[in-house]
Each structure stands twice: as C-alpha cells, then as structure tokens.
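Here is the file coords_10.cif (mmCIF, C-alpha atoms).
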data_input
loop_
_atom_site.label_atom_id
_atom_site.label_comp_id
_atom_site.auth_asym_id
_atom_site.auth_seq_id
_atom_site.Cartn_x
_atom_site.Cartn_y
_atom_site.Cartn_z
CA MET A 10 -28.68 9.47 3.01
CA LYS A 11 -26.04 12.06 2.22
CA ARG A 12 -22.33 11.34 2.61
CA ILE A 13 -22.00 13.54 5.69
CA GLU A 14 -24.95 11.76 7.30
CA ALA A 15 -23.28 8.40 6.67
CA LEU A 16 -20.07 9.72 8.20
CA GLU A 17 -21.94 11.02 11.24
CA ALA A 18 -23.58 7.61 11.63
CA ILE A 19 -20.28 5.74 11.82
CA LEU A 20 -18.47 8.22 14.10
CA PRO A 21 -19.12 6.37 17.38
CA ALA A 22 -17.71 3.12 15.98
CA ILE A 23 -14.49 4.64 14.60
CA GLU A 24 -13.41 6.71 17.59
CA THR A 25 -10.83 4.20 18.80
CA VAL A 26 -9.63 2.35 15.72
CA PRO A 27 -7.29 3.34 12.89
CA VAL A 28 -9.21 4.84 10.00
CA VAL A 29 -7.92 5.45 6.48
CA VAL A 30 -9.93 8.07 4.63
CA THR A 31 -10.11 8.61 0.89
CA CYS A 32 -9.37 11.98 -0.63
CA ALA A 33 -11.26 15.16 -1.44
CA ALA A 34 -14.88 15.67 -0.35
CA THR A 35 -14.90 12.61 1.92
CA THR A 36 -11.85 13.90 3.77
CA ARG A 37 -13.24 17.42 4.01
CA GLU A 38 -16.60 16.28 5.32
CA LEU A 39 -15.17 13.92 7.93
CA ALA A 40 -12.61 16.49 9.07
CA SER A 41 -15.38 19.08 9.41
CA ILE A 42 -17.39 16.95 11.83
CA SER A 43 -14.62 15.02 13.62
CA ASP A 44 -10.88 15.37 13.11
CA ARG A 45 -9.09 12.78 15.22
CA PRO A 46 -5.48 11.53 15.39
CA ASN A 47 -6.57 7.99 14.54
CA TYR A 48 -7.68 9.20 11.11
CA LEU A 49 -5.21 9.01 8.25
CA TYR A 50 -6.49 11.19 5.44
CA LEU A 51 -5.04 10.40 2.03
CA LEU A 52 -5.27 13.88 0.61
CA ASP A 53 -4.41 13.12 -2.99
CA SER A 54 -3.85 9.37 -3.34
CA MET A 55 -7.03 8.44 -5.16
CA GLY A 56 -7.48 4.67 -5.19
CA LEU A 57 -4.94 3.90 -2.48
CA ALA A 58 -7.05 3.87 0.68
CA VAL A 59 -7.97 0.18 0.65
CA SER A 60 -4.36 -0.77 -0.08
CA VAL A 61 -3.00 1.30 2.82
CA ALA A 62 -5.63 -0.14 5.12
CA THR A 63 -4.76 -3.64 3.94
CA GLY A 64 -1.15 -3.04 4.94
CA LEU A 65 -2.21 -1.69 8.32
CA ALA A 66 -4.53 -4.64 8.92
CA LEU A 67 -1.78 -7.13 8.05
CA ALA A 68 0.65 -5.39 10.35
CA LEU A 69 -1.83 -5.02 13.21
CA ASP A 70 -2.97 -8.63 13.24
CA GLY A 71 -2.32 -9.80 16.79
CA GLU A 72 -2.17 -6.27 18.13
CA PRO A 73 -4.78 -4.85 20.52
CA VAL A 74 -6.54 -2.92 17.78
CA ASP A 75 -10.08 -4.12 17.10
CA ARG A 76 -10.44 -3.14 13.48
CA VAL A 77 -8.88 -1.11 10.69
CA VAL A 78 -11.60 0.90 8.97
CA VAL A 79 -11.22 2.38 5.52
CA ILE A 80 -13.68 4.91 4.15
CA GLU A 81 -13.59 4.70 0.39
CA GLY A 82 -15.65 6.04 -2.51
CA ASP A 83 -16.85 4.27 -5.63
CA GLY A 84 -14.79 6.37 -8.02
CA SER A 85 -11.67 5.91 -5.95
CA LEU A 86 -12.12 2.15 -5.58
CA LEU A 87 -12.68 1.84 -9.32
CA MET A 88 -9.35 3.57 -9.87
CA ASN A 89 -7.57 0.71 -8.10
CA LEU A 90 -9.98 -2.20 -8.28
CA ASN A 91 -6.95 -4.47 -7.88
CA ALA A 92 -7.14 -3.55 -4.20
CA LEU A 93 -10.37 -5.50 -3.91
CA ALA A 94 -8.85 -8.62 -5.45
CA THR A 95 -5.83 -8.38 -3.17
CA LEU A 96 -8.08 -7.83 -0.17
CA GLY A 97 -9.87 -11.07 -0.96
CA PHE A 98 -6.61 -12.90 -1.56
CA LEU A 99 -4.82 -11.75 1.59
CA ALA A 100 -8.02 -11.59 3.67
CA PRO A 101 -6.80 -9.63 6.70
CA GLN A 102 -9.43 -10.30 9.33
CA LYS A 103 -9.50 -6.85 10.93
CA ILE A 104 -10.27 -4.74 7.89
CA VAL A 105 -13.64 -3.09 7.40
CA VAL A 106 -14.18 -1.32 4.08
CA VAL A 107 -16.95 1.27 4.23
CA LEU A 108 -17.70 2.05 0.60
CA LEU A 109 -19.72 5.24 0.21
CA ASP A 110 -21.16 4.78 -3.26
CA ASN A 111 -22.89 7.83 -4.71
CA GLY A 112 -22.50 6.72 -8.31
CA VAL A 113 -20.50 9.78 -9.29
CA TYR A 114 -17.07 11.32 -9.02
CA GLY A 115 -18.30 13.61 -6.30
CA SER A 116 -15.27 15.88 -6.21
CA THR A 117 -15.08 16.36 -9.95
CA ALA A 118 -18.43 17.72 -11.09
CA ASP A 119 -20.48 14.59 -10.35
CA VAL A 120 -19.50 12.82 -13.54
CA PRO A 121 -21.04 9.32 -13.30
CA THR A 122 -18.91 6.31 -12.35
CA TYR A 123 -19.63 2.72 -13.42
CA THR A 124 -21.83 1.96 -10.45
CA GLY A 125 -25.03 2.95 -12.24
CA LYS A 126 -24.51 -0.31 -14.13
CA LEU A 127 -22.04 -2.36 -12.10
CA ASP A 128 -22.48 -3.58 -8.54
CA LEU A 129 -19.37 -3.24 -6.39
CA ALA A 130 -21.00 -5.31 -3.65
CA GLU A 131 -21.23 -8.25 -6.05
CA MET A 132 -17.60 -7.74 -7.00
CA ALA A 133 -16.67 -7.80 -3.34
CA ARG A 134 -18.65 -11.01 -2.82
CA SER A 135 -16.80 -12.56 -5.72
CA VAL A 136 -13.46 -12.16 -3.94
CA GLY A 137 -14.76 -13.80 -0.80
CA VAL A 138 -15.16 -10.94 1.66
CA ALA A 139 -18.22 -10.60 3.91
CA VAL A 140 -20.57 -8.06 2.32
CA SER A 141 -23.33 -6.00 3.87
CA VAL A 142 -25.49 -3.50 2.02
CA ALA A 143 -27.09 -0.40 3.52
CA SER A 144 -28.77 2.72 2.24
CA GLU A 145 -30.02 4.28 5.44
CA ARG A 146 -28.57 5.16 8.80
CA SER A 147 -29.85 2.30 10.95
CA GLY A 148 -28.80 -0.33 8.42
CA LEU A 149 -25.33 1.19 8.22
CA VAL A 150 -24.92 1.26 12.01
CA ASP A 151 -26.14 -2.35 12.31
CA ALA A 152 -23.82 -3.53 9.54
CA LEU A 153 -20.87 -1.79 11.16
CA ASP A 154 -21.72 -3.37 14.53
CA ARG A 155 -21.68 -6.80 12.88
CA ALA A 156 -18.39 -6.04 11.19
CA PHE A 157 -16.86 -5.28 14.57
CA ALA A 158 -18.29 -8.46 16.08
CA GLU A 159 -17.34 -11.00 13.44
CA PRO A 160 -13.99 -11.74 11.76
CA GLY A 161 -13.51 -10.06 8.40
CA PRO A 162 -12.59 -8.87 5.92
CA HIS A 163 -15.81 -6.89 5.76
CA PHE A 164 -17.15 -4.78 2.93
CA LEU A 165 -20.04 -2.43 3.69
CA HIS A 166 -21.63 -1.18 0.51
CA VAL A 167 -23.43 2.03 1.43
CA ARG A 168 -25.58 3.66 -1.20
CA ILE A 169 -25.62 7.42 -0.67
CA GLU A 170 -26.95 10.41 -2.55
CA PRO A 171 -24.69 12.45 -4.80
CA GLY A 172 -23.70 15.87 -3.55
CA ASN A 173 -21.19 17.32 -1.15
CA ALA A 174 -21.68 19.20 2.09
CA THR A 175 -20.29 22.71 2.18
CA CYS A 176 -17.02 22.44 4.08
CA PRO A 177 -13.94 24.59 4.36
CA PRO A 178 -10.78 23.49 2.55
CA TYR A 179 -8.74 20.95 4.50
CA LEU A 180 -5.08 21.67 3.84
CA PRO A 181 -2.84 20.15 6.51
CA ASP A 182 0.75 19.12 5.88
CA PRO A 183 0.58 15.41 4.97
CA VAL A 184 3.67 14.75 7.07
CA ALA A 185 1.88 16.20 10.11
CA LEU A 186 -1.04 13.85 9.45
CA LYS A 187 1.31 10.90 9.20
CA VAL A 188 3.19 11.79 12.39
CA ARG A 189 -0.08 12.29 14.25
CA PHE A 190 -1.40 8.95 13.04
CA GLU A 191 1.82 7.07 13.83
CA ALA A 192 1.90 8.55 17.31
CA TRP A 193 -1.67 7.45 17.94
CA LEU A 194 -0.90 3.96 16.66
CA ALA A 195 2.26 3.74 18.77
CA GLY A 196 0.11 4.23 21.84
CA HIS A 197 -2.15 1.36 20.86
CA VAL A 198 0.20 -1.41 19.76
CA ARG A 199 2.48 -3.57 21.82
CA ALA A 200 5.76 -3.13 20.03
CA ILE A 201 7.19 -0.94 17.32
CA ARG A 202 10.16 -2.54 15.64
CA PRO A 203 13.43 -0.67 16.23
CA PRO A 204 15.60 0.38 13.29
CA ILE A 205 17.88 -2.37 12.01
CA ALA A 206 21.24 -2.47 13.74
CA ARG A 207 24.43 -1.61 11.94
CA MET B 5 21.12 -19.41 -8.51
CA THR B 6 23.71 -16.76 -9.28
CA ALA B 7 25.99 -15.08 -6.80
CA GLN B 8 23.87 -11.95 -7.23
CA THR B 9 20.71 -13.87 -6.42
CA ASP B 10 22.29 -15.28 -3.29
CA ALA B 11 23.48 -11.80 -2.37
CA VAL B 12 19.98 -10.35 -2.65
CA ILE B 13 18.56 -13.15 -0.52
CA ALA B 14 21.25 -12.52 2.08
CA GLY B 15 20.52 -8.79 2.03
CA ILE B 16 16.78 -9.25 2.45
CA GLU B 17 17.35 -11.72 5.27
CA ARG B 18 19.54 -9.18 7.06
CA LEU B 19 16.66 -6.69 6.98
CA LYS B 20 14.58 -8.93 9.29
CA LEU B 21 11.47 -7.99 7.36
CA ASP B 22 7.99 -8.79 8.56
CA PHE B 23 6.46 -8.68 5.07
CA LEU B 24 7.73 -8.99 1.52
CA PRO B 25 5.18 -8.08 -1.18
CA TYR B 26 6.33 -9.03 -4.66
CA LEU B 27 5.58 -9.06 -8.36
CA PRO B 28 7.59 -11.42 -10.52
CA SER B 29 10.31 -10.97 -13.10
CA SER B 30 12.53 -13.76 -14.39
CA SER B 31 15.60 -12.19 -12.74
CA ILE B 32 14.07 -12.14 -9.29
CA ALA B 33 11.95 -15.28 -9.59
CA PRO B 34 14.48 -17.43 -7.67
CA ILE B 35 14.49 -14.84 -4.88
CA ILE B 36 10.72 -14.79 -4.75
CA GLU B 37 10.62 -18.58 -4.72
CA HIS B 38 13.13 -18.69 -1.85
CA PHE B 39 11.01 -16.42 0.31
CA ARG B 40 7.70 -17.85 -0.86
CA LEU B 41 8.75 -21.29 0.39
CA LYS B 42 9.90 -19.88 3.74
CA SER B 43 7.03 -17.43 4.11
CA GLY B 44 5.81 -16.99 7.64
CA ARG B 45 8.30 -19.39 9.19
CA THR B 46 10.13 -18.17 12.27
CA GLY B 47 12.42 -15.33 11.31
CA ALA B 48 11.20 -15.18 7.71
CA PRO B 49 8.96 -12.47 6.29
CA VAL B 50 5.45 -13.17 5.14
CA ALA B 51 5.93 -13.10 1.38
CA PHE B 52 2.85 -12.41 -0.65
CA PRO B 53 1.98 -11.44 -4.23
CA ILE B 54 0.51 -8.11 -5.19
CA SER B 55 -1.32 -7.49 -8.45
CA ARG B 56 0.19 -4.10 -9.29
CA GLU B 57 3.04 -2.04 -7.90
CA GLU B 58 0.72 0.85 -7.10
CA GLU B 59 -1.15 -1.14 -4.49
CA GLY B 60 2.15 -2.49 -3.22
CA VAL B 61 3.18 1.04 -2.30
CA GLY B 62 -0.03 1.42 -0.32
CA ILE B 63 0.24 -1.94 1.40
CA ALA B 64 3.93 -1.66 2.25
CA GLY B 65 3.38 1.93 3.37
CA GLY B 66 0.56 0.87 5.65
CA ILE B 67 2.80 -1.79 7.14
CA ALA B 68 5.52 0.81 7.75
CA LEU B 69 3.10 3.21 9.43
CA ALA B 70 2.21 0.42 11.84
CA GLY B 71 5.87 0.07 12.78
CA ARG B 72 6.53 -3.15 10.91
CA ARG B 73 9.15 -3.80 8.28
CA ALA B 74 8.40 -4.33 4.62
CA ALA B 75 10.21 -4.02 1.34
CA MET B 76 8.72 -4.45 -2.11
CA LEU B 77 10.37 -6.75 -4.68
CA VAL B 78 9.39 -5.88 -8.25
CA GLN B 79 10.82 -4.99 -11.67
CA ASP B 80 11.65 -1.45 -12.64
CA ASN B 81 8.89 -0.92 -15.18
CA GLY B 82 6.56 -1.11 -12.20
CA PHE B 83 7.64 2.39 -11.26
CA GLY B 84 5.35 3.49 -14.08
CA ASN B 85 2.42 1.76 -12.43
CA SER B 86 3.22 3.21 -9.05
CA LEU B 87 4.46 6.75 -9.65
CA THR B 88 1.33 8.51 -8.39
CA ALA B 89 1.18 6.33 -5.28
CA LEU B 90 4.87 6.89 -4.62
CA THR B 91 4.69 10.66 -4.98
CA THR B 92 1.29 11.45 -3.41
CA PHE B 93 1.66 8.97 -0.56
CA ALA B 94 5.16 7.71 0.17
CA VAL B 95 7.03 10.92 -0.73
CA ALA B 96 4.37 13.39 0.42
CA TYR B 97 3.79 11.64 3.77
CA ASN B 98 7.45 10.75 4.48
CA VAL B 99 6.79 7.03 4.45
CA PRO B 100 9.95 4.89 4.55
CA LEU B 101 9.76 2.24 1.87
CA LEU B 102 12.47 0.25 0.13
CA VAL B 103 11.66 -0.85 -3.41
CA LEU B 104 14.00 -3.53 -4.70
CA ALA B 105 13.64 -3.53 -8.48
CA ASN B 106 15.50 -5.51 -11.09
CA THR B 107 16.25 -3.48 -14.20
CA ARG B 108 14.80 -4.31 -17.61
CA GLY B 109 16.39 -1.72 -19.87
CA GLY B 110 20.07 -1.87 -20.69
CA LEU B 111 22.56 -4.58 -21.56
CA GLY B 112 21.15 -8.07 -21.93
CA GLU B 113 17.53 -6.99 -22.27
CA TYR B 114 15.84 -8.90 -25.09
CA ASN B 115 12.56 -6.95 -25.16
CA SER B 116 13.10 -3.87 -27.29
CA MET B 117 9.88 -2.24 -26.12
CA ILE B 118 10.72 -2.29 -22.45
CA HIS B 119 13.83 -0.18 -23.01
CA THR B 120 11.47 2.65 -23.89
CA PHE B 121 10.33 2.80 -20.31
CA SER B 122 13.13 1.29 -18.27
CA ALA B 123 15.93 3.38 -19.76
CA GLY B 124 14.25 6.44 -18.30
CA VAL B 125 13.62 5.06 -14.82
CA PRO B 126 16.61 6.69 -13.05
CA ALA B 127 15.72 10.11 -14.46
CA MET B 128 12.04 9.58 -13.64
CA LEU B 129 12.85 8.64 -10.04
CA SER B 130 15.14 11.63 -9.75
CA ALA B 131 12.37 13.93 -10.99
CA ALA B 132 10.04 12.39 -8.41
CA ARG B 133 12.61 13.04 -5.67
CA ILE B 134 13.00 9.34 -4.95
CA PRO B 135 16.63 8.41 -4.23
CA ALA B 136 17.77 5.57 -6.48
CA PHE B 137 20.90 3.46 -6.08
CA LEU B 138 22.27 0.90 -8.52
CA VAL B 139 24.10 -2.39 -8.18
CA ASP B 140 25.34 -4.25 -11.25
CA ARG B 141 28.09 -6.58 -12.54
CA ARG B 142 30.79 -4.24 -11.21
CA ASN B 143 29.66 -4.70 -7.61
CA SER B 144 30.77 -7.71 -5.60
CA PRO B 145 28.11 -9.98 -4.09
CA ASP B 146 29.02 -8.61 -0.67
CA ASP B 147 28.45 -5.12 -2.01
CA TRP B 148 25.01 -6.11 -3.32
CA THR B 149 24.11 -7.44 0.13
CA GLY B 150 25.50 -4.44 1.97
CA THR B 151 23.85 -1.98 -0.39
CA ILE B 152 20.45 -3.57 0.20
CA VAL B 153 20.91 -3.17 3.95
CA GLU B 154 22.11 0.41 3.64
CA ALA B 155 19.33 1.32 1.18
CA TYR B 156 16.75 0.11 3.69
CA ARG B 157 18.49 2.06 6.43
CA HIS B 158 18.52 5.11 4.16
CA ALA B 159 14.74 4.85 3.74
CA GLU B 160 14.31 4.59 7.51
CA MET B 161 16.70 7.42 8.34
CA THR B 162 15.39 9.82 5.70
CA HIS B 163 11.73 8.84 6.10
CA ARG B 164 11.39 8.47 2.35
CA PRO B 165 10.87 5.84 -0.32
CA VAL B 166 14.16 4.57 -1.73
CA ALA B 167 14.72 2.55 -4.90
CA LEU B 168 17.50 0.03 -5.33
CA LEU B 169 17.91 -0.83 -9.00
CA MET B 170 19.43 -4.27 -9.45
CA ASP B 171 21.01 -5.01 -12.85
CA PHE B 172 21.52 -8.77 -12.96
CA TRP B 173 23.18 -8.86 -16.38
CA ALA B 174 26.73 -10.18 -16.64
CA PRO B 175 28.71 -11.10 -19.76
CA GLU B 176 28.84 -14.81 -20.53
CA PRO B 177 32.34 -16.28 -20.47
CA GLU B 178 33.84 -16.97 -23.89
CA VAL B 179 33.69 -20.65 -24.92
CA GLY B 180 37.06 -22.41 -24.54
CA LYS B 181 38.47 -19.96 -22.05
#

Structure encoded using structure tokens:
Amino acid sequence: MKRIEALEAILPAIETVPVVVTCAATTRELASISDRPNYLYLLDSMGLAVSVATGLALALDGEPVDRVVVIEGDGSLLMNLNALATLGFLAPQKIVVVLLDNGVYGSTADVPTYTGKLDLAEMARSVGVAVSVASERSGLVDALDRAFAEPGPHFLHVRIEPGNATCPPYLPDPVALKVRFEAWLAGHVRAIRPPIAR
Amino acid sequence: MTAQTDAVIAGIERLKLDFLPYLPSSSIAPIIEHFRLKSGRTGAPVAFPISREEEGVGIAGGIALAGRRAAMLVQDNGFGNSLTALTTFAVAYNVPLLVLANTRGGLGEYNSMIHTFSAGVPAMLSAARIPAFLVDRRNSPDDWTGTIVEAYRHAEMTHRPVALLMDFWAPEPEVGK
C-alpha cells in the first residue's frame, strides 16, 4: 500500500474529527485528495504532530468531538519519540495515532529510518496504548473503526511502501490554516474560554 | 516558600488555567508541587509533567487551539530544546502560548556550564521574534504577579508565544544586620 492509498482509505473516518497532519509529502498528498478545514497541517514542525494532537485531545475531553486523529510518519515520530512516552503517560482517550511507516525519510531522498530494525508498534505497546497493525487497506479501515469504537489512546501502525505521489506544492499561510482549523473547532465544541478579564 | 514563589503561584492562579505542563527546576519546584497537589481540583489547572520543552510547545499549543488555557512552566535552558517547535509552530501559526521560565544564567547560578546557554536566551528569543519579559529582585511580589497576568494577556492579544523570564536570585542578608 502506498501512502496516498492509505490516506484515501482513512478519508471517510476523518471527515468530521480534528486531524493533525505531519509535514511534507504526507501533507501534500492529503491536501491533494481532500483539503478540509478540520485538518491542521504542520507544514514544517517535524516531530510535533503527536504532541499537538495530545494537547487537542486533552482539551477536547468531554467535548462532542469523537476522536482526535494524528497522521504521523516514522521519521517524524523518531524525531520526537518523547511524544510517545508522554502519550502513554497522559493517556488521552480520544487520540488516534495513525503512523504511516515507510521505513524511510520520504521527503528527504528516502534515506532509511530506524524502522528497518526497530518496531515502533512494540514501543507504543510498551507505553500502554492500544496498538493495531495493518499493511493493507481493509486492515487499516477495520483498525480505524475499532479505534473509533473503543476508548484510546490508539496507535495504528501502518506499514506502507516508500515513495511519494506526484503532488503540487502546498504552500498556504500557516496562520490561515490555524484560523480555519480554530473556526471549525469552534463550531464543534460547547464553549471556548473567553480572554481573562482585566 | 519565598515571596517570589508565592507571587508566581498567585499569578498562575489568576490566569484560571485549564492545564499547566511543567518540567522541574529547583527554583520552581515549590510552584510545581503546589499545583501538582491541587491538580484537577475545582478551579485548579490539571498540572502534568512533560519530558521535553519541545513537546510542551506542541501540547500547550494544541490546548490553546481548542480554546482552553495553558501555560508552560520550565527553566530557560529549555528554550534550546524547543526553539524549532516555537518558531515553526507557535510563531508561524500565531499560537498564543505563555512560557514561564526561571533563569539559570546570571547572578547566583552555581553551574558554570549553564551560563553558556542561558546568558544568551534573551538575545535568542529576540532573534526568534518571541517577546520576552523579565522579573527579578528589583520587582515587588505584586509586580511579579501582575506581570504574569499581563504576559499571558499579551500572548492572547498578540496571538504569539511570549516568554516571561523569572530570575529568583536575591542577595542574602549580611549576618548580624
């Protein structure tokens, strides 16, 4: 399964939940097939997607938002592996990590990551999150269905092939992405805290 | 507890935070302990540890995007660990985020190595376009409290990360006086 096929497979499940998307080719491919206001693309913050999603999931606990999905890559997760430990420690129930693991830094000449030798699913198990493993479309869709049905945190380890789809550059203003995402969220949560009074 | 410690606690309480991620330092340990013991009680923020300041920027930023209030309590050498996250996420996306950081360089610091980093923090933050404010021995406790509140408001109003550098050092009184 290629990355863009994995992204196409999860599209129906992520239409109505906040989604944090890791940088570079993953962002470009998702934006090329479905660019929605509930997607927060982190255009250059490699390693930060799981952390941002953790914050969102903590804040949205108790709000009428089913899940917070984060689409991460193996190279990016390895850049901030602390995020996995903190995810296990804080254990926000609504988070679903979809790790698209192609074993390479896909946006920087396919240089191999550690995952040819190390198993990120085992690392995720070691911090106490619910882990599913998939390498083809039906398994991914089933795993995502389960992650939406059962309390998390969930970690879907998806083995994909190296290689990027040919997509145009995706160059929005990050502030516009943030405003779009906040506006979408504001329409889906009960209360936004007002600024502190003087 | 020092008057400065009490002032920081009072300032954080006035912010009515929902979440308080932290990493320890001896200067802020009593503050962390205060909020750790009250964590999640009515009116108190959920205080929780982070493992590195970089992820704290992501977590606190995510909380802010969801319309909740968070501030991060760390020491200033953590700006080194978090500079890329601050600039590519909080600054680039206009995410309001107050970082309360005790200073390590300067008067009273025993660790000669940490001066190498901490002495340059204000200039580094300036270069990263992150507003930084300082409170130290010359500020009254009320000023510490008020500056914390205004720094948070500054982050909200300007839609930017803001650093408040807190220098807890004060000269010890001379013996016999």

Practice problem: List the residues matched by the PyMOL selection byres ((chain A) within 7 of (chain B)) in the displayed structure as a list in words, ordered by chain and then by residue number. | Solution: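 Evaluating the PyMOL selection byres ((chain A) within 7 of (chain B)) on this file yields Asp53, Ser54, Leu57, Ser60, Val61, Ala62, Thr63, Gly64, Leu65, Ala68, Leu69, Asn91, Ala92, Thr95, Pro183, Val184, Lys187, Glu191, Leu194, Ile201, Arg202 and Ile205 of chain A.
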
Practice problem: Report as number ranges by chain the residues that result from applying the PyMOL selection byres ((chain B and resi 137) around 12) to the structure here. | Solution: B: 102-107, 125-127, 129-130, 134-136, 138-140, 148, 151-152, 154-156, 158-159, 165-171

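For the atom pair formed by CA of Val29 in chain A and CA of Ala132 in chain B, the distance is 24.3 Å, given to one decimal.
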
Quiz item: Which polymer residues, protein or nucleic acid, are no farther than 10 Å from (25.5, -15.4, -9.1), counting only C-alpha atoms, as a PyMOL selection string?
Solution: chain B and resi 5-12+141+144-145+172+174

Quiz item: What lies within 8 Å of range 150-164 of chain A using all atoms listed in the file, ignoring chain neighbours under 6 positions off, as a PyMOL selection string?
Solution: chain A and resi 18-19+22+75-76+96-97+100-108+130+133+138-143

Quiz item: In terms of the shortest atom-to-atom distance over only C-alpha atoms, which of B:Met128, B:Leu41, B:Leu101, B:Ile35 is closest to Asn81 in chain B?
Solution: B:Met128

Exercise. Quote the spacing between CA of Ser116 in chain A and CA of Gly172 in chain A in Å to one decimal place.
Key: 8.8 Å

Practice problem: Calculate how many Å separate CA of Arg12 in chain A from CA of Tyr48 in chain A, rounding to one decimal. | Solution: 17.1 Å

Self-check item: the PyMOL selection byres ((chain A and resi 46) around 8) applied to the shown file, residues as a PyMOL selection string
Solution: chain A and resi 44-45+47-49+186+189-190+193

Quiz item: From the set B:Val78, B:Leu87, B:Leu111, B:Ala123, which residue has the shortest atom-to-atom contact distance to Ala33 in chain B, counting only C-alpha atoms?
Solution: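 Closest to Ala33 in chain B of all the choices is B:Val78.
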
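Close contacts of Leu129 in chain A, defined as residues with an atom at most 9 Å away when counting all atoms listed in the file, with chain neighbours fewer than 5 positions off set aside, comprise Asp83, Leu87, Leu108, Asp110, Thr124, Arg134 and His166 of chain A.
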
Quiz item: With all atoms listed in the file as the basis for distance, which of A:Ala185, A:Leu109, A:Val136, A:Ala118 is at the shortest distance from Ala94 in chain A?
Solution: A:Val136

Per-axis box centre and lengths in Å around range 154-166 of chain A, 4 Å margin per side, axis-aligned, as lines of an AutoDock Vina configuration file:
center_x = -17.2
center_y = -6.5
center_z = 8.3
size_x = 17.1
size_y = 18.6
size_z = 23.6

Pop range 135-153 of chain A out of the structure in the block and write C-alpha atoms as a PDB file, in the first residue's frame.
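Final output, saved to out-v4.pdb:
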ATOM      1  CA  SER A 135       5.419  -0.557  25.939  1.00  0.00           C
ATOM      2  CA  VAL A 136       3.857   2.770  26.930  1.00  0.00           C
ATOM      3  CA  GLY A 137       0.440   1.215  27.350  1.00  0.00           C
ATOM      4  CA  VAL A 138      -1.521   2.445  24.352  1.00  0.00           C
ATOM      5  CA  ALA A 139      -3.805   0.154  22.325  1.00  0.00           C
ATOM      6  CA  VAL A 140      -1.905  -0.938  19.213  1.00  0.00           C
ATOM      7  CA  SER A 141      -3.202  -2.251  15.915  1.00  0.00           C
ATOM      8  CA  VAL A 142      -1.047  -3.230  12.955  1.00  0.00           C
ATOM      9  CA  ALA A 143      -2.075  -3.055   9.303  1.00  0.00           C
ATOM     10  CA  SER A 144      -0.362  -3.249   5.956  1.00  0.00           C
ATOM     11  CA  GLU A 145      -3.302  -3.285   3.588  1.00  0.00           C
ATOM     12  CA  ARG A 146      -6.422  -1.226   3.079  1.00  0.00           C
ATOM     13  CA  SER A 147      -9.056  -3.425   4.697  1.00  0.00           C
ATOM     14  CA  GLY A 148      -6.953  -3.981   7.811  1.00  0.00           C
ATOM     15  CA  LEU A 149      -6.380  -0.249   8.142  1.00  0.00           C
ATOM     16  CA  VAL A 150     -10.082   0.563   7.783  1.00  0.00           C
ATOM     17  CA  ASP A 151     -11.018  -2.125  10.324  1.00  0.00           C
ATOM     18  CA  ALA A 152      -8.402  -0.929  12.798  1.00  0.00           C
ATOM     19  CA  LEU A 153      -9.600   2.650  12.461  1.00  0.00           C
TER      20      LEU A 153
END
